[in-house]
$ cat structure33.cif   # mmCIF, C-alpha atoms
data_structure
#
loop_
_atom_site.label_atom_id
_atom_site.label_comp_id
_atom_site.auth_asym_id
_atom_site.auth_seq_id
_atom_site.Cartn_x
_atom_site.Cartn_y
_atom_site.Cartn_z
CA MET A 1 18.21 -8.35 -19.78
CA LEU A 2 14.72 -7.06 -19.00
CA LYS A 3 12.12 -6.69 -21.74
CA PHE A 4 10.04 -3.52 -21.49
CA THR A 5 7.19 -1.82 -23.30
CA LYS A 6 6.94 1.95 -23.43
CA MET A 7 3.31 3.13 -23.42
CA HIS A 8 1.42 6.36 -22.94
CA GLY A 9 -2.03 7.64 -22.09
CA ILE A 10 -2.46 11.01 -23.85
CA GLY A 11 1.24 11.79 -23.43
CA ASN A 12 1.67 10.53 -19.84
CA ASP A 13 4.36 7.93 -20.62
CA TYR A 14 5.63 5.02 -18.54
CA ILE A 15 7.86 2.00 -19.02
CA TYR A 16 6.04 -1.28 -18.35
CA PHE A 17 7.47 -4.61 -17.19
CA ASP A 18 5.77 -8.02 -17.03
CA CYS A 19 6.56 -9.18 -13.48
CA THR A 20 3.91 -11.90 -13.32
CA LYS A 21 6.61 -14.60 -13.21
CA ASP A 22 9.87 -12.88 -12.21
CA ASP A 23 9.98 -9.70 -10.14
CA ILE A 24 12.45 -6.81 -10.50
CA LYS A 25 15.02 -6.02 -7.82
CA ASN A 26 15.24 -2.37 -6.72
CA PRO A 27 12.60 -0.82 -9.05
CA GLU A 28 13.17 2.58 -7.38
CA ALA A 29 16.69 2.85 -8.80
CA LEU A 30 15.56 1.44 -12.16
CA ALA A 31 12.87 4.14 -12.37
CA ILE A 32 15.45 6.91 -11.84
CA LYS A 33 17.80 5.40 -14.43
CA LEU A 34 15.27 4.72 -17.18
CA SER A 35 13.08 7.82 -16.77
CA ASP A 36 15.92 10.18 -17.67
CA ARG A 37 15.05 11.63 -21.09
CA ARG A 38 18.64 12.26 -22.12
CA CYS A 39 20.53 9.24 -20.80
CA GLY A 40 17.69 6.75 -20.27
CA VAL A 41 14.65 5.54 -22.18
CA GLY A 42 12.67 8.61 -21.14
CA SER A 43 9.40 8.46 -19.19
CA ASP A 44 7.41 9.78 -16.26
CA GLY A 45 8.30 6.59 -14.37
CA ILE A 46 8.04 2.80 -14.53
CA ILE A 47 5.12 0.44 -13.89
CA LEU A 48 5.42 -3.20 -12.87
CA VAL A 49 2.56 -5.62 -13.63
CA ARG A 50 2.61 -8.14 -10.80
CA PRO A 51 0.43 -11.06 -9.60
CA SER A 52 -2.36 -10.30 -7.15
CA LYS A 53 -4.21 -12.39 -4.58
CA ILE A 54 -7.25 -10.11 -4.57
CA ALA A 55 -7.54 -8.97 -8.20
CA ASP A 56 -6.52 -10.07 -11.70
CA PHE A 57 -3.19 -8.20 -11.51
CA ARG A 58 -1.33 -5.77 -9.27
CA MET A 59 0.12 -2.50 -10.53
CA SER A 60 3.21 -1.03 -8.85
CA MET A 61 4.25 2.41 -10.03
CA PHE A 62 7.46 4.33 -9.38
CA ASN A 63 7.88 8.00 -10.30
CA ALA A 64 10.87 9.45 -12.12
CA ASP A 65 12.49 10.29 -8.77
CA GLY A 66 12.12 6.70 -7.53
CA SER A 67 9.24 7.37 -5.12
CA GLU A 68 6.32 4.93 -5.21
CA ALA A 69 2.90 6.26 -6.23
CA ARG A 70 -0.51 5.06 -5.09
CA MET A 71 -2.09 4.95 -8.54
CA CYS A 72 -2.07 6.60 -11.97
CA GLY A 73 -5.15 7.02 -14.13
CA ASN A 74 -3.29 7.14 -17.44
CA GLY A 75 -0.91 4.42 -16.30
CA ILE A 76 -3.65 2.01 -15.28
CA ARG A 77 -5.41 2.35 -18.64
CA CYS A 78 -2.16 1.25 -20.25
CA VAL A 79 -1.95 -1.64 -17.77
CA GLY A 80 -5.31 -2.79 -19.12
CA LYS A 81 -4.00 -2.64 -22.68
CA PHE A 82 -0.72 -4.31 -21.65
CA VAL A 83 -2.29 -7.38 -20.03
CA TYR A 84 -4.78 -7.91 -22.88
CA ASP A 85 -2.48 -7.19 -25.83
CA LYS A 86 0.27 -9.37 -24.28
CA ALA A 87 -2.27 -12.22 -23.83
CA LEU A 88 -1.81 -12.24 -20.05
CA THR A 89 -5.62 -12.33 -19.97
CA ASP A 90 -8.45 -12.75 -22.46
CA LYS A 91 -10.95 -10.84 -20.32
CA THR A 92 -12.21 -7.41 -21.39
CA TYR A 93 -13.23 -6.59 -17.83
CA VAL A 94 -10.28 -6.74 -15.42
CA GLU A 95 -9.60 -5.69 -11.86
CA ILE A 96 -6.23 -4.18 -10.95
CA GLU A 97 -4.90 -3.94 -7.41
CA THR A 98 -3.12 -0.66 -6.59
CA LEU A 99 -1.99 1.12 -3.43
CA GLY A 100 -5.05 3.32 -4.01
CA GLY A 101 -7.43 0.34 -3.98
CA ILE A 102 -8.81 -2.06 -6.58
CA GLN A 103 -9.59 -0.40 -9.91
CA LYS A 104 -12.12 -1.91 -12.33
CA LEU A 105 -11.32 -1.59 -16.04
CA ASP A 106 -13.62 -2.01 -19.03
CA LEU A 107 -11.48 -2.59 -22.15
CA ASN A 108 -12.64 -1.47 -25.58
CA VAL A 109 -11.05 -3.90 -28.06
CA VAL A 110 -10.82 -3.19 -31.80
CA ASN A 111 -9.22 -5.72 -34.18
CA GLY A 112 -7.71 -7.65 -31.28
CA LYS A 113 -6.08 -4.66 -29.60
CA VAL A 114 -7.25 -2.41 -26.77
CA GLN A 115 -7.93 1.14 -27.99
CA THR A 116 -9.62 2.89 -25.06
CA VAL A 117 -10.26 1.99 -21.43
CA LYS A 118 -13.00 3.05 -19.04
CA VAL A 119 -11.93 2.96 -15.40
CA ASN A 120 -14.09 2.86 -12.29
CA VAL A 121 -11.64 4.90 -10.23
CA GLY A 122 -13.63 4.40 -7.03
CA LYS A 123 -15.12 6.83 -4.54
CA VAL A 124 -13.80 10.25 -3.67
CA VAL A 125 -12.33 10.99 -0.23
CA LEU A 126 -12.62 14.62 0.89
CA GLU A 127 -11.67 14.47 4.58
CA GLY A 128 -8.55 16.57 5.10
CA SER A 129 -6.64 14.17 7.37
CA LYS A 130 -7.09 11.26 4.93
CA ILE A 131 -5.78 13.06 1.83
CA PRO A 132 -3.50 13.76 3.81
CA THR A 133 -3.24 17.40 4.87
CA THR A 134 -2.65 19.03 8.23
CA LEU A 135 -6.04 20.75 7.94
CA ASP A 136 -8.55 19.03 10.22
CA MET A 137 -11.60 19.65 8.03
CA ALA A 138 -14.43 17.47 6.73
CA ARG A 139 -13.62 18.74 3.24
CA ILE A 140 -11.23 21.32 1.81
CA ILE A 141 -13.14 22.98 -1.01
CA ASN A 142 -12.49 26.59 -2.09
CA HIS A 143 -10.23 27.04 0.94
CA PRO A 144 -7.69 29.90 1.08
CA LEU A 145 -3.96 29.06 1.05
CA THR A 146 -0.97 31.39 0.70
CA VAL A 147 1.80 30.11 -1.56
CA LEU A 148 4.88 32.19 -2.43
CA GLY A 149 3.18 35.26 -0.99
CA GLU A 150 -0.01 34.94 -3.06
CA GLN A 151 -3.39 33.63 -1.93
CA TYR A 152 -5.04 30.79 -3.80
CA ARG A 153 -8.31 28.88 -3.29
CA ILE A 154 -7.51 25.19 -3.00
CA ASN A 155 -9.60 22.04 -3.43
CA CYS A 156 -8.06 18.90 -1.91
CA ILE A 157 -9.26 15.52 -3.16
CA LEU A 158 -8.14 11.91 -2.75
CA ILE A 159 -9.14 9.82 -5.75
CA GLY A 160 -6.55 7.10 -6.38
CA ASN A 161 -3.89 9.73 -5.62
CA HIS A 162 -3.95 12.90 -3.52
CA HIS A 163 -4.56 16.13 -5.42
CA CYS A 164 -4.85 19.87 -4.95
CA VAL A 165 -6.94 21.67 -7.58
CA VAL A 166 -6.43 25.42 -8.09
CA TYR A 167 -8.27 27.74 -10.51
CA VAL A 168 -6.25 30.25 -12.54
CA ASP A 169 -7.10 32.76 -15.27
CA ASP A 170 -4.19 32.02 -17.62
CA LEU A 171 -2.46 28.67 -18.07
CA GLU A 172 -0.10 29.79 -20.83
CA THR A 173 1.89 32.29 -18.75
CA LEU A 174 1.80 30.22 -15.55
CA ASP A 175 5.35 29.65 -14.23
CA LEU A 176 4.77 26.02 -13.30
CA GLU A 177 8.46 25.31 -12.66
CA LYS A 178 8.29 27.84 -9.84
CA ILE A 179 4.79 27.45 -8.42
CA GLY A 180 4.51 23.65 -8.83
CA PRO A 181 7.25 22.70 -6.32
CA ALA A 182 5.94 25.32 -3.88
CA PHE A 183 2.58 23.53 -3.77
CA GLU A 184 4.14 20.04 -3.81
CA HIS A 185 6.30 20.75 -0.75
CA HIS A 186 3.92 23.08 1.12
CA GLU A 187 3.87 22.42 4.84
CA ILE A 188 0.16 21.48 4.92
CA PHE A 189 0.89 18.44 2.70
CA PRO A 190 2.96 15.99 4.80
CA ASP A 191 3.21 13.47 1.94
CA ARG A 192 3.64 16.15 -0.75
CA ILE A 193 0.84 16.69 -3.30
CA ASN A 194 -0.07 16.56 -7.00
CA THR A 195 -1.36 19.95 -8.11
CA GLU A 196 -3.72 20.76 -11.00
CA PHE A 197 -3.93 24.34 -12.27
CA VAL A 198 -7.27 24.74 -14.02
CA LYS A 199 -8.99 27.15 -16.40
CA ILE A 200 -12.77 26.91 -16.70
CA ILE A 201 -13.88 26.76 -20.36
CA ASP A 202 -17.59 26.13 -19.72
CA ASN A 203 -19.78 24.04 -17.41
CA LYS A 204 -18.65 20.72 -18.88
CA VAL A 205 -15.15 21.56 -20.13
CA PHE A 206 -12.00 22.33 -18.13
CA GLU A 207 -8.39 22.82 -19.23
CA MET A 208 -5.53 21.94 -16.91
CA ARG A 209 -1.79 21.77 -16.42
CA VAL A 210 -0.41 19.44 -13.79
CA TRP A 211 2.61 19.36 -11.50
CA GLU A 212 2.97 15.76 -10.36
CA ARG A 213 4.54 14.78 -7.08
CA GLY A 214 7.93 13.25 -7.86
CA SER A 215 7.77 13.84 -11.63
CA GLY A 216 7.26 17.57 -12.22
CA GLU A 217 5.07 18.80 -15.07
CA THR A 218 3.65 15.98 -17.18
CA TRP A 219 1.49 16.00 -20.30
CA ALA A 220 -1.40 14.34 -18.51
CA CYS A 221 -2.60 12.96 -15.19
CA GLY A 222 -5.66 10.70 -15.12
CA THR A 223 -6.48 10.89 -11.43
CA GLY A 224 -5.70 14.60 -11.62
CA ALA A 225 -8.33 14.99 -14.33
CA CYS A 226 -10.76 13.13 -12.05
CA ALA A 227 -9.95 15.54 -9.23
CA VAL A 228 -10.55 18.50 -11.57
CA ALA A 229 -13.99 17.16 -12.48
CA VAL A 230 -14.87 16.51 -8.83
CA ALA A 231 -13.75 20.01 -7.80
CA GLY A 232 -15.74 21.45 -10.69
CA VAL A 233 -18.91 19.76 -9.51
CA LEU A 234 -18.39 20.65 -5.85
CA ASN A 235 -17.78 24.30 -6.75
CA GLY A 236 -20.91 24.44 -8.92
CA HIS A 237 -19.03 24.66 -12.23
CA ALA A 238 -20.25 21.29 -13.58
CA PRO A 239 -23.13 18.82 -13.03
CA TYR A 240 -23.18 15.43 -11.33
CA ASN A 241 -23.77 12.26 -13.41
CA GLU A 242 -22.76 13.83 -16.74
CA ARG A 243 -19.71 13.52 -18.98
CA ILE A 244 -17.13 16.22 -18.30
CA LYS A 245 -14.26 16.90 -20.70
CA VAL A 246 -10.85 17.68 -19.18
CA LYS A 247 -8.32 19.03 -21.67
CA LEU A 248 -4.64 18.28 -20.96
CA LYS A 249 -1.42 18.93 -22.86
CA GLY A 250 -1.48 15.39 -24.24
CA GLY A 251 -5.18 15.19 -25.13
CA ASP A 252 -8.65 14.89 -23.63
CA LEU A 253 -10.08 12.71 -20.87
CA PHE A 254 -13.76 12.20 -20.11
CA ILE A 255 -14.88 12.03 -16.49
CA ILE A 256 -18.24 11.32 -14.82
CA TYR A 257 -18.68 12.16 -11.12
CA MET A 258 -21.70 10.33 -9.74
CA GLU A 259 -23.82 11.61 -6.87
CA ASP A 260 -22.84 8.54 -4.81
CA GLY A 261 -19.19 9.70 -4.94
CA THR A 262 -17.99 7.24 -7.61
CA VAL A 263 -15.79 8.54 -10.44
CA TYR A 264 -15.47 7.07 -13.94
CA MET A 265 -12.67 7.98 -16.36
CA GLU A 266 -12.36 7.12 -20.05
CA GLY A 267 -9.46 7.69 -22.42
CA ALA A 268 -6.96 6.20 -24.85
CA ALA A 269 -4.04 3.85 -24.17
CA GLN A 270 -1.21 3.45 -26.69
CA THR A 271 1.96 1.43 -27.16
CA VAL A 272 5.03 3.39 -28.30
CA PHE A 273 7.76 0.74 -28.66
CA GLU A 274 9.41 -2.27 -27.02
CA GLY A 275 13.01 -2.89 -26.03
CA TRP A 276 15.50 -4.49 -23.66
CA VAL A 277 17.45 -2.97 -20.78
CA GLU A 278 19.91 -4.30 -18.23
CA GLY A 279 18.53 -4.99 -14.78
CA ASN A 280 18.19 -7.50 -11.97
CA ILE A 281 15.32 -9.89 -11.34
CA VAL A 282 14.19 -11.68 -8.21
CA LYS A 283 13.17 -15.33 -8.72
#

$ encode --input "structure33.cif" --output "structure tokens"
Amino acid sequence: MLKFTKMHGIGNDYIYFDCTKDDIKNPEALAIKLSDRRCGVGSDGIILVRPSKIADFRMSMFNADGSEARMCGNGIRCVGKFVYDKALTDKTYVEIETLGGIQKLDLNVVNGKVQTVKVNVGKVVLEGSKIPTTLDMARIINHPLTVLGEQYRINCILIGNHHCVVYVDDLETLDLEKIGPAFEHHEIFPDRINTEFVKIIDNKVFEMRVWERGSGETWACGTGACAVAVAGVLNGHAPYNERIKVKLKGGDLFIIYMEDGTVYMEGAAQTVFEGWVEGNIVK
């Protein structure tokens, strides 16, 4: 039996496992089984907290379809809470290794428990081939793209994960179940893409809905919110070096995009419940 903790960052929920001593066999299949909201625990995926040779811990994340993700902004905040609240560390500043690089976390502890986490997400990558896309461009900002017969202006950004940010007038009537997969599987994205559909509220506030690669629509996406803030600055809708609010279905995140290209994200991390499931470990 495997002990798990279900956690969420503003509604973006994952199932967490302590793999610092024993690892889990075939986490891809476990992610598919447990993420199902009718026959499983229900989540956007699973996250394994593993040992690291170059950081305090290593985070491995698997989407609801079993595919492995580079990083997750909401997920990594919960990793910070997980390792502190479970007494795996007593440090309030921790470094987490991910496929998207080493992330630096500043934990805000209240009454012995982590409440919010500020993440140094790292520096933005804008070069088209590195995101990756098939567009050989130094940066893809406000670039035209036809999807399902309609033209959109896309902004492609790699910040932990790869994202495509699109501005729309109305989020409420947006048929995300139709348009989301069309962006995710578009031919210019060889590794698929996470897509944020964004409404501009004012010069420091954006509202978004997200279609995540491998998971579909989720309540929140931390690196997606970072991408929205970066796109906002690069399109002249928001300032550098100042706190930007990104409103998601599950709540608000606060992002700062520095002039040197570094992005900071701050938001809540919460535990939902704990339990046990059947699974296999690797000694």

$ residues_around --input "structure33.cif" --residues "region 94-99 of chain A" --least-positions-apart "4" --cutoff "7 Å" --atoms "all atoms listed in the file" --output "PyMOL selection string"
chain A and resi 52+55-60+70-71+103-106

$ closest_residue --input "structure33.cif" --among "A:Phe189, A:Gly275, A:Lys118, A:His162" --to "Ile255 (chain A)" --atoms "only C-alpha atoms"
A:Lys118

$ residues_around --input "structure33.cif" --residues "Glu242 (chain A)" --least-positions-apart "4" --cutoff "8 Å" --atoms "only C-alpha atoms" --output "list in words"
Ile256, Tyr257 and Met258 of chain A

$ resolve_selection --input "structure33.cif" --expression "the PyMOL selection byres ((chain A and resi 234) around 12)" --output "MDAnalysis selection string"
chainID A and resid 124 126 139:142 155:157 165 227:233 235:240 257:259 261

$ closest_residue --input "structure33.cif" --among "A:Val198, A:Ile131, A:Ala269, A:Val109" --to "Tyr14 (chain A)" --atoms "only C-alpha atoms"
A:Ala269

$ closest_residue --input "structure33.cif" --among "A:Gly224, A:Gly75, A:Gly251, A:Gly11" --to "Thr195 (chain A)" --atoms "only C-alpha atoms"
A:Gly224

$ resolve_selection --input "structure33.cif" --expression "the PyMOL selection byres ((chain A and resi 5) around 6)" --output "list in words"
Phe4, Lys6, Ile15, Tyr16, Phe273 and Glu274 of chain A
